[in-house]
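Colleague: Would you mind keeping the following structure in view while I ask a few things?
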Amino acid sequence: MEIEIISRECVKPSSPTPHDLRTYKISLIDQFGGPGLVSDLFFYPPSQATSISTAMRSQLLKQSLSSTLTLYYPIAGRFIDTLSIDCNDEGLCYTVARANCDLHDYLKQPDLSKLAKFLPDEIICSETTPGGYVFMIQETVFACGGFAIGIVVPHHVFDITSTIVFLKTWATMARGEVPMPPDFSSSCLFPQNTKFPQDPITSIIVGQIFGRDGNYVFRRFLFEGSIVSNLKSKATSDGVHNPTRVEVVLALLFRCIVSALKVKHGAQKSVLMSTAVNLRSRVVPPLPKTSVGCLNLPIPVAIGDETDMCCFIGQIRECLSTINGEFLKSLQAAQGPQQLLEFAKETGESYSKALSDGAEFIVFNSWCNAGMYSVDFGWGKPIWFPSLPLPLRGSVIALVDARMSNGIEAWVSLEEGIMSVVERDAEILSLASIDPSPLQIHSLKSNL
């Protein structure tokens, strides 16, 4: 597969940004996110419902994007520094590319090493720079008429929730409908503090994702909706109150990983999981889902020797409960920066101690229920959302919705010796498909 860049331009807002909104300052919580650029990618099948040409479709995408930028004005600007954006309406970078194959041929068994080619400048993970673009988008057209949308976003300005809401807004504009406007109030609720030191936790997490020694391999585990429902029923019978899809799939994966660690090391090995907590629903009163920002905080979860589903889920819930309305209210007060600094110090010490004690460090994120498969520009919903940048050099679990049947697709990176045990685990083999073609997850062959 070859991808050729056809054009590159700056798409600007369709109307100018008011002068009083010229400078956008990220919130105190956003300062905790780390000034990195991260990527997301969506694949769309060719549409049989319309005869629109690829050139007309591209033009409509850019026109609707221009209208969307009047609402999301900061992403059409340039970084002043890591804490602020000059909303100067210079526009975001929009690249159009062409793939010399059909989407069906690529998705039969996708070469994940080629995913970066669908992203602007092949950026997977990078640093923001003063004067640099805030947002970059690449539209890649396949020979069959299908297309991919790849975006590069600043993680400390847009978390996955903000990114999906932005994409839904753009898609709504493309369909000629009226979207919900974004909410920028978090920077007022949690005012930034220029004296707040650089977050030490982000560097630890990034190092554990991309910088570990050893040979790390990657697998995708697909759990169909009926399997997930059965896991939830079993958890309920074991005493778990209202188990979620994410909880039961994560518990199963962790049980297999901990067992594999014991096989490799000959003894039980302690595990520390780092996960991010979305703050929107935990603030009192809750923030709108359209709130812009990196509104999450990392927390450590120490996994004990007991990994049955009830105990595991209980451990996670107990740790998550510390990020509550009372704690978040304290961050809005005058002592907010000091409170956040103490939280960062305690969390960083937990991470550092676990690493010095030789614990296995696993980074976990869930993007389930974020709505990525409802981003419809008018020609159908995406058929696949690859959730992880590659290559990785660390132990990572990311859960995303499968497109059909309420299932979950788990993207997992583990050290080769650990993965070889996990992927042969009898329970995993009985419940999950390993590295399935995206075409096997749903019936879209008629469109491809």
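Every chain in the structure tokens takes a letter, A first, then B, and so on in the order presented; its residues are numbered from 1, and the ligands are numbered from 1 following the presented order.
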Mind running segment 114-167 of chain A against segment 17-30 of chain A at 9 Å and telling me each contacting residue's nearest atom pair with the distance in Å (one decimal), counting only C-alpha atoms, chain and number ascending, as a Markdown table?

Modeller:
```
| residue | atom | partner | partner_atom | distance |
| --- | --- | --- | --- | --- |
| A:His155 | CA | A:Asp30 | CA | 8.6 |
| A:His156 | CA | A:Asp30 | CA | 5.1 |
| A:Val157 | CA | A:Asp30 | CA | 6.3 |
| A:Phe158 | CA | A:Asp30 | CA | 8.6 |
```

Colleague: Limited to N, CA and C atoms, could you put the picked residues into a file as a compact mmCIF listing (two decimals), in the first residue's frame?

Modeller:
```txt
# COMPACT_ATOMS: atom_id res chain seq x y z
N HIS A 155 -2.78 16.75 23.63
CA HIS A 155 -3.47 16.00 24.67
C HIS A 155 -3.81 16.85 25.89
N HIS A 156 -3.00 17.88 26.17
CA HIS A 156 -3.29 18.70 27.35
C HIS A 156 -4.38 19.73 27.07
N VAL A 157 -4.88 19.78 25.84
CA VAL A 157 -5.98 20.67 25.50
C VAL A 157 -7.24 19.88 25.18
N PHE A 158 -7.08 18.71 24.56
CA PHE A 158 -8.20 17.87 24.16
C PHE A 158 -7.96 16.43 24.60
```

Colleague: Within 12 Å of Pro45 of chain A, counting only C-alpha atoms, which residues qualify if same-chain residues fewer than 5 places away don't, as a PyMOL selection string?

Modeller: chain A and resi 102-107+140-149+376-384+438-439+443-448

Colleague: Applying 9 Å and only C-alpha atoms, which residues near segment 351-366 of chain A remain after dropping the ones on its own chain fewer than 6 positions away? List them as a list in words.

Modeller: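 Answer for this query is Ile201, Ile204, Ile205, Gln208, Ile209, Val246, Leu250, Leu261, Lys269, Ser270, Val271, Leu272, Met273, Ser274, Thr275, Ala276, Val277, Pro300, Ala302, Gly394, Ser395, Val396, Ile397, Ala398, Leu399, Val400 and Leu414 of chain A.
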
Colleague: With DSSP run on the backbone, what are the strand (DSSP E) residues within segment 36-247 of chain A? I'd like them as an MDAnalysis selection string.

Modeller: chainID A and resid 36:44 78:81 84:86 92:99 125:127 136:141 147:154 216:223

Colleague: Thr322 of chain A: which residues within 12 Å, counting only C-alpha atoms, same-chain residues fewer than 2 positions away excluded, as number ranges by chain?

Modeller: A: 277, 279, 282, 297-301, 315-320, 324-328, 343

Colleague: Within segment 195-414 of chain A, find each residue whose DSSP state, derived from the backbone, is helix (DSSP H, G or I), and express the selection as a PyMOL selection string.

Modeller: chain A and resi 200-210+225-237+245-265+309-320+325-332+336-356+372-374

Colleague: Residues as selected, C-alpha atoms, written as a PDB file, in the first residue's frame, can you do that?

Modeller:
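again-v9.pdb, freshly written:
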```pdb
ATOM      1  CA  PRO A 200       6.223  14.684  36.980  1.00  0.00           C
ATOM      2  CA  ILE A 201       3.668  11.917  36.593  1.00  0.00           C
ATOM      3  CA  THR A 202       3.139  12.319  32.847  1.00  0.00           C
ATOM      4  CA  SER A 203       6.832  11.737  32.157  1.00  0.00           C
ATOM      5  CA  ILE A 204       6.688   8.511  34.201  1.00  0.00           C
ATOM      6  CA  ILE A 205       3.627   7.267  32.315  1.00  0.00           C
ATOM      7  CA  VAL A 206       5.030   8.178  28.891  1.00  0.00           C
ATOM      8  CA  GLY A 207       8.281   6.423  29.813  1.00  0.00           C
ATOM      9  CA  GLN A 208       6.343   3.306  30.788  1.00  0.00           C
ATOM     10  CA  ILE A 209       4.456   3.329  27.472  1.00  0.00           C
ATOM     11  CA  PHE A 210       7.287   4.100  25.051  1.00  0.00           C
ATOM     12  CA  GLY A 225     -21.472  -8.483  23.177  1.00  0.00           C
ATOM     13  CA  SER A 226     -22.936 -11.827  24.272  1.00  0.00           C
ATOM     14  CA  ILE A 227     -19.641 -12.773  25.923  1.00  0.00           C
ATOM     15  CA  VAL A 228     -19.490  -9.460  27.770  1.00  0.00           C
ATOM     16  CA  SER A 229     -23.082  -9.903  28.939  1.00  0.00           C
ATOM     17  CA  ASN A 230     -22.241 -13.358  30.291  1.00  0.00           C
ATOM     18  CA  LEU A 231     -19.214 -11.943  32.137  1.00  0.00           C
ATOM     19  CA  LYS A 232     -21.422  -9.279  33.701  1.00  0.00           C
ATOM     20  CA  SER A 233     -23.950 -11.897  34.793  1.00  0.00           C
ATOM     21  CA  LYS A 234     -21.215 -13.996  36.363  1.00  0.00           C
ATOM     22  CA  ALA A 235     -19.798 -10.961  38.182  1.00  0.00           C
ATOM     23  CA  THR A 236     -23.253 -10.152  39.531  1.00  0.00           C
ATOM     24  CA  SER A 237     -23.663 -13.696  40.832  1.00  0.00           C
ATOM     25  CA  ARG A 245     -18.640  -3.928  30.554  1.00  0.00           C
ATOM     26  CA  VAL A 246     -15.258  -2.302  31.132  1.00  0.00           C
ATOM     27  CA  GLU A 247     -14.870  -3.700  34.643  1.00  0.00           C
ATOM     28  CA  VAL A 248     -15.526  -7.319  33.708  1.00  0.00           C
ATOM     29  CA  VAL A 249     -13.322  -7.339  30.589  1.00  0.00           C
ATOM     30  CA  LEU A 250     -10.478  -5.600  32.429  1.00  0.00           C
ATOM     31  CA  ALA A 251     -10.786  -8.037  35.336  1.00  0.00           C
ATOM     32  CA  LEU A 252     -10.523 -10.997  32.972  1.00  0.00           C
ATOM     33  CA  LEU A 253      -7.472  -9.579  31.196  1.00  0.00           C
ATOM     34  CA  PHE A 254      -5.756  -8.752  34.469  1.00  0.00           C
ATOM     35  CA  ARG A 255      -6.354 -12.214  35.861  1.00  0.00           C
ATOM     36  CA  CYS A 256      -4.684 -13.715  32.793  1.00  0.00           C
ATOM     37  CA  ILE A 257      -1.784 -11.222  32.887  1.00  0.00           C
ATOM     38  CA  VAL A 258      -1.105 -11.776  36.589  1.00  0.00           C
ATOM     39  CA  SER A 259      -1.149 -15.533  35.986  1.00  0.00           C
ATOM     40  CA  ALA A 260       1.306 -15.106  33.077  1.00  0.00           C
ATOM     41  CA  LEU A 261       3.608 -13.000  35.253  1.00  0.00           C
ATOM     42  CA  LYS A 262       3.646 -15.775  37.845  1.00  0.00           C
ATOM     43  CA  VAL A 263       4.547 -18.329  35.170  1.00  0.00           C
ATOM     44  CA  LYS A 264       7.428 -16.201  33.934  1.00  0.00           C
ATOM     45  CA  HIS A 265       8.855 -15.163  37.318  1.00  0.00           C
ATOM     46  CA  MET A 309     -13.450 -10.517  39.756  1.00  0.00           C
ATOM     47  CA  CYS A 310     -15.237  -9.266  42.883  1.00  0.00           C
ATOM     48  CA  CYS A 311     -12.036  -8.281  44.723  1.00  0.00           C
ATOM     49  CA  PHE A 312     -10.450  -6.766  41.614  1.00  0.00           C
ATOM     50  CA  ILE A 313     -13.427  -4.580  40.781  1.00  0.00           C
ATOM     51  CA  GLY A 314     -13.707  -3.566  44.427  1.00  0.00           C
ATOM     52  CA  GLN A 315     -10.065  -2.422  44.447  1.00  0.00           C
ATOM     53  CA  ILE A 316     -10.590  -0.309  41.356  1.00  0.00           C
ATOM     54  CA  ARG A 317     -13.785   1.284  42.626  1.00  0.00           C
ATOM     55  CA  GLU A 318     -12.175   2.132  45.954  1.00  0.00           C
ATOM     56  CA  CYS A 319      -9.284   3.936  44.250  1.00  0.00           C
ATOM     57  CA  LEU A 320     -11.553   5.784  41.835  1.00  0.00           C
ATOM     58  CA  GLY A 325     -16.820  16.090  44.275  1.00  0.00           C
ATOM     59  CA  GLU A 326     -15.229  17.244  47.529  1.00  0.00           C
ATOM     60  CA  PHE A 327     -11.702  16.791  46.185  1.00  0.00           C
ATOM     61  CA  LEU A 328     -12.526  18.539  42.900  1.00  0.00           C
ATOM     62  CA  LYS A 329     -14.179  21.415  44.754  1.00  0.00           C
ATOM     63  CA  SER A 330     -10.937  21.936  46.675  1.00  0.00           C
ATOM     64  CA  LEU A 331      -9.105  22.353  43.348  1.00  0.00           C
ATOM     65  CA  GLN A 332     -11.396  25.255  42.446  1.00  0.00           C
ATOM     66  CA  GLY A 336      -6.319  24.567  44.358  1.00  0.00           C
ATOM     67  CA  PRO A 337      -2.756  24.625  42.948  1.00  0.00           C
ATOM     68  CA  GLN A 338      -1.352  23.481  46.303  1.00  0.00           C
ATOM     69  CA  GLN A 339      -3.944  20.710  46.536  1.00  0.00           C
ATOM     70  CA  LEU A 340      -3.130  19.522  43.025  1.00  0.00           C
ATOM     71  CA  LEU A 341       0.591  19.695  43.759  1.00  0.00           C
ATOM     72  CA  GLU A 342       0.127  17.483  46.823  1.00  0.00           C
ATOM     73  CA  PHE A 343      -1.941  15.046  44.759  1.00  0.00           C
ATOM     74  CA  ALA A 344       0.787  14.971  42.092  1.00  0.00           C
ATOM     75  CA  LYS A 345       3.477  14.403  44.692  1.00  0.00           C
ATOM     76  CA  GLU A 346       1.628  11.519  46.359  1.00  0.00           C
ATOM     77  CA  THR A 347       0.756   9.901  43.040  1.00  0.00           C
ATOM     78  CA  GLY A 348       4.295  10.300  41.716  1.00  0.00           C
ATOM     79  CA  GLU A 349       5.710   8.744  44.893  1.00  0.00           C
ATOM     80  CA  SER A 350       3.352   5.770  44.479  1.00  0.00           C
ATOM     81  CA  TYR A 351       4.543   5.252  40.915  1.00  0.00           C
ATOM     82  CA  SER A 352       8.215   5.659  41.801  1.00  0.00           C
ATOM     83  CA  LYS A 353       8.007   3.291  44.773  1.00  0.00           C
ATOM     84  CA  ALA A 354       6.254   0.615  42.720  1.00  0.00           C
ATOM     85  CA  LEU A 355       8.914   0.853  40.021  1.00  0.00           C
ATOM     86  CA  SER A 356      11.773   0.727  42.529  1.00  0.00           C
ATOM     87  CA  MET A 372     -16.485   7.263  18.299  1.00  0.00           C
ATOM     88  CA  TYR A 373     -18.685   5.006  16.178  1.00  0.00           C
ATOM     89  CA  SER A 374     -21.423   7.647  15.949  1.00  0.00           C
TER      90      SER A 374
END
```

Colleague: Could you list, with a cut-off of 12 Å and counting only C-alpha atoms, the residues of segment 116-168 of chain A near segment 62-77 of chain A, each shown with its nearest atom pair and the distance in Å rounded to one decimal, rows sorted by chain and ascending number, as a tab-separated table?

Modeller:
```
residue	atom	partner	partner_atom	distance
A:Pro130	CA	A:Gly77	CA	11.2
A:Gly131	CA	A:Gly77	CA	8.9
A:Gly132	CA	A:Gly77	CA	8.7
A:Tyr133	CA	A:Gly77	CA	6.9
A:Val134	CA	A:Ile75	CA	5.2
A:Phe135	CA	A:Ile75	CA	5.6
A:Met136	CA	A:Ile75	CA	9.0
A:Ile137	CA	A:Lys62	CA	10.3
A:Gln138	CA	A:Lys62	CA	11.0
A:Glu139	CA	A:Lys62	CA	10.0
A:Ile151	CA	A:Ile75	CA	11.9
A:Val152	CA	A:Ile75	CA	11.0
A:Val153	CA	A:Ile75	CA	8.9
A:Pro154	CA	A:Ile75	CA	9.4
A:Val157	CA	A:Ile75	CA	9.4
A:Phe158	CA	A:Ile75	CA	9.8
A:Ser162	CA	A:Tyr72	CA	10.7
A:Thr163	CA	A:Tyr72	CA	10.9
A:Val165	CA	A:Tyr72	CA	10.7
A:Phe166	CA	A:Tyr72	CA	7.8
A:Leu167	CA	A:Thr68	CA	9.4
A:Lys168	CA	A:Thr68	CA	10.1
```

Colleague: Which value, in Å to one decimal, gives the distance between atom CA of Ile160 of chain A and atom CA of Leu431 of chain A?

Modeller: 27.9 Å

Colleague: Give me the residues within 8 Å of Ala402 of chain A as a PyMOL selection string, counting only C-alpha atoms and dropping any in the same chain fewer than 6 places off.

Modeller: chain A and resi 222+224+408-409+441

Colleague: For Thr169 of chain A, which residue out of A:Thr307, A:Val375, A:Pro16, A:Cys368 is the nearest one, using only C-alpha atoms?

Modeller: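 Between A:Thr307, A:Val375, A:Pro16, A:Cys368, the residue approaching Thr169 of chain A most closely is A:Val375.
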
Colleague: Nearest to Thr129 of chain A among A:Asp159, A:Leu37, A:Pro181, A:Leu429, with distances taken over only C-alpha atoms: which residue is it?

Modeller: A:Leu37

Colleague: Using Å and a single decimal, report how far atom CA of Tyr44 of chain A sits from atom CA of Met173 of chain A.

Modeller: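 Result for atom CA of Met173 of chain A versus atom CA of Tyr44 of chain A: 17.5 Å, one decimal.
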
Colleague: Report, in Å with one decimal, the straight-line distance from atom CA of Leu112 of chain A to atom CA of Ser413 of chain A.

Modeller: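 A separation of 13.0 Å between them.
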
Colleague: With distances taken over only C-alpha atoms, which residue among A:Tyr216, A:Asn369, A:Leu189, A:Phe223 lies nearest Leu287 of chain A?

Modeller: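 Smallest separation from Leu287 of chain A among the options: A:Leu189.
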
Colleague: When distances are computed from only C-alpha atoms, which of A:Ser321, A:Ser437, A:Ser126, A:Ser405 shows the smallest separation from Pro35 of chain A?

Modeller: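 Once distances to Pro35 of chain A are computed over only C-alpha atoms, the minimum belongs to A:Ser126.
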
Colleague: Here is a test: counting only C-alpha atoms, which residue of A:Ala174, A:Ile5, A:Ile123, A:Ala410 is nearest to Leu61 of chain A?

Modeller: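 Using only C-alpha atoms, Leu61 of chain A sits closest to A:Ala174.
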